[in-house]
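> Sending over a structure as structure tokens; questions will come in a sec.
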Amino acid sequence: MGEDEGPGDGTAPPAFRTAVEALRTARPRPQIEIEPTRAPQRLAPYAYALEATVVDGDEDLADGRLVLLHDPAGHDAWQGSFRLVTLVRAELEPEMAADPLLPEVCWSWLTGALSGRGLAYGEPSGTVTRASSHYFGGLSERPATSQIEIRASWTPREGSGGVPDTAGHLMSWCDLLTQIGGVPPAGPGDASVVTLPQRRGPQSR
């Protein structure tokens with residue numbers, strides 16, 4: 001059992017291999033660059049991880065990481081055998097970061113992205129963190145910066161063959177990434193998505 005078993009590894013359970021293959025073949029919108037990365041150790045018998053960046057030309061708007069965990073024996077805290085764990089972050093204008101309602105709004109973006117695609121999930125948990133940096137001395141000419149960070153996990157409900165709709169969950173996660181990055185909705189079906197106003201300009205890559 002390895003920390004980043006892929007679908008081609010014969011030692012991984014069939015349900016996990018199928019779930020990973022769905023992640024690997026999903027096609028998010030063009031503004032999102034996504035690739036596999038090393039999965040964390042010791043969180044579960046099997047894990048697979050992706051990292052993604054929302055780009056605008058040569059500039060980054062937001063980035064994040066999504067990890068799929070699998071324990072064939074099930075996990076009491078998860079209430080299932082699969083778990084998705086994520087980190088999403090983007091820079092904001094300091095004025096927007098000071099909004100007292102921002103954490104609740106950002107959390108609602110995560111749950112709204114999942115429900116907006118009709119995905120069944122349970123046991124959601126996480127944190128929304130705001131951080132600001134102010135520069136002094138030789139760095140005093142730099143403008144203050146603020147960042148919003150969402151760390152969350154949830155249990156995707158298992159469907160046929162005990163496999164969750166990991167492709168659907170990946171697409172909802174991409175919806176969250178683009179929303180926090182201030183990217184306009186992809187199409188008419190996303191018209192209800194409200195992007196973050198007053199966000200800081202994109203960062204050079």
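Identifiers for the structure tokens are assigned positionally: chains receive A, B, ... in sequence, residues are indexed from 1 per chain, and ligands are indexed from 1 in the order shown.
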Check chain A with DSSP on the backbone and list each residue it calls alpha helix (DSSP H), as JSON, numbers by chain.
{"A": [14, 15, 16, 17, 18, 19, 20, 21, 22, 23, 24, 25, 94, 95, 96, 97, 102, 103, 104, 105, 106, 107, 108, 109, 110, 111, 112, 113, 114, 115, 116, 166, 167, 168, 169, 170, 171, 172, 173, 174, 175, 176, 177, 178, 179, 180]}
> Using only C-alpha atoms, which residues sit within 7 Å of range 72-86 of chain A once same-chain residues fewer than 2 positions away are excluded, as an MDAnalysis selection string?
chainID A and resid 65:70 88 123 151:156
> Could you write out that same residue set with N, CA, C and O atoms as a CSV table (one decimal), in the first residue's frame?

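Dumped everything to selection.csv:
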chain,number,residue,atom,x,y,z
A,65,ARG,N,-4.9,22.6,-3.8
A,65,ARG,CA,-4.5,21.2,-3.8
A,65,ARG,C,-5.7,20.4,-3.4
A,65,ARG,O,-6.4,20.8,-2.5
A,66,LEU,N,-5.9,19.3,-4.1
A,66,LEU,CA,-7.0,18.4,-3.8
A,66,LEU,C,-6.4,17.0,-3.6
A,66,LEU,O,-5.7,16.4,-4.4
A,67,VAL,N,-6.8,16.3,-2.4
A,67,VAL,CA,-6.3,15.0,-2.1
A,67,VAL,C,-7.4,14.0,-1.9
A,67,VAL,O,-8.4,14.3,-1.2
A,68,LEU,N,-7.4,12.9,-2.6
A,68,LEU,CA,-8.4,11.8,-2.4
A,68,LEU,C,-7.8,10.8,-1.5
A,68,LEU,O,-6.7,10.2,-1.8
A,69,LEU,N,-8.4,10.5,-0.4
A,69,LEU,CA,-8.0,9.5,0.6
A,69,LEU,C,-9.0,8.3,0.5
A,69,LEU,O,-10.2,8.5,0.3
A,70,HIS,N,-8.4,7.1,0.7
A,70,HIS,CA,-9.2,5.9,0.7
A,70,HIS,C,-8.8,4.9,1.7
A,70,HIS,O,-7.6,4.6,1.8
A,88,VAL,N,-7.3,25.8,-0.7
A,88,VAL,CA,-7.5,26.7,-1.8
A,88,VAL,C,-7.1,28.1,-1.3
A,88,VAL,O,-7.4,28.5,-0.1
A,123,GLU,N,-20.3,15.0,6.3
A,123,GLU,CA,-19.2,15.3,7.3
A,123,GLU,C,-18.3,16.4,6.8
A,123,GLU,O,-17.1,16.2,6.9
A,151,ARG,N,-9.2,25.7,4.0
A,151,ARG,CA,-8.8,24.3,4.2
A,151,ARG,C,-10.0,23.5,4.6
A,151,ARG,O,-10.8,23.9,5.5
A,152,ALA,N,-10.3,22.5,3.9
A,152,ALA,CA,-11.6,21.8,4.1
A,152,ALA,C,-11.5,20.3,3.7
A,152,ALA,O,-10.5,19.9,3.0
A,153,SER,N,-12.4,19.5,4.3
A,153,SER,CA,-12.5,18.1,3.9
A,153,SER,C,-14.0,17.7,4.0
A,153,SER,O,-14.7,18.3,4.7
A,154,TRP,N,-14.3,16.7,3.2
A,154,TRP,CA,-15.7,16.2,3.1
A,154,TRP,C,-15.7,14.8,2.6
A,154,TRP,O,-14.7,14.3,2.0
A,155,THR,N,-16.8,14.0,2.9
A,155,THR,CA,-16.9,12.7,2.4
A,155,THR,C,-17.8,12.6,1.2
A,155,THR,O,-19.0,12.9,1.3
A,156,PRO,N,-17.2,12.2,0.1
A,156,PRO,CA,-18.1,12.0,-1.1
A,156,PRO,C,-18.9,10.7,-1.0
A,156,PRO,O,-18.3,9.7,-0.7
> For Pro103 in chain A, which of A:His169, A:Arg17, A:Arg130, A:Arg29 is the closest residue, counting only C-alpha atoms?
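Looking only at the distances to Pro103 in chain A, the closest residue turns out to be A:Arg130.
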> Identify all residues of range 7-150 of chain A in strand (DSSP E or B) (DSSP on the backbone) and supply them as a ChimeraX atom specification.
/A:32-37,46-56,59-75,80-92,121-133,145-150
> Considering only C-alpha atoms, state which residue in the set A:Thr18, A:Thr11, A:Ser146, A:Thr129 is at the smallest distance from Pro164 in chain A.
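The shortest atom-to-atom distance to Pro164 in chain A comes from A:Thr18.
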> Choose the residue, out of A:Ala26, A:Leu61, A:Ala12, A:Leu110, that has the smallest atom-to-atom separation from Tyr48 in chain A; count only C-alpha atoms.
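Ranking A:Ala26, A:Leu61, A:Ala12, A:Leu110 by distance to Tyr48 in chain A, first place goes to A:Ala12.
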> Could you list, as number ranges by chain, every residue within 10 Å of range 175-180 of chain A, counting only C-alpha atoms and ignoring same-chain residues fewer than 2 positions away?
A: 28-29, 31-32, 52-55, 61-65, 87-92, 106-114, 116-117, 148-150, 169-173, 182-186, 190, 193-197, 199
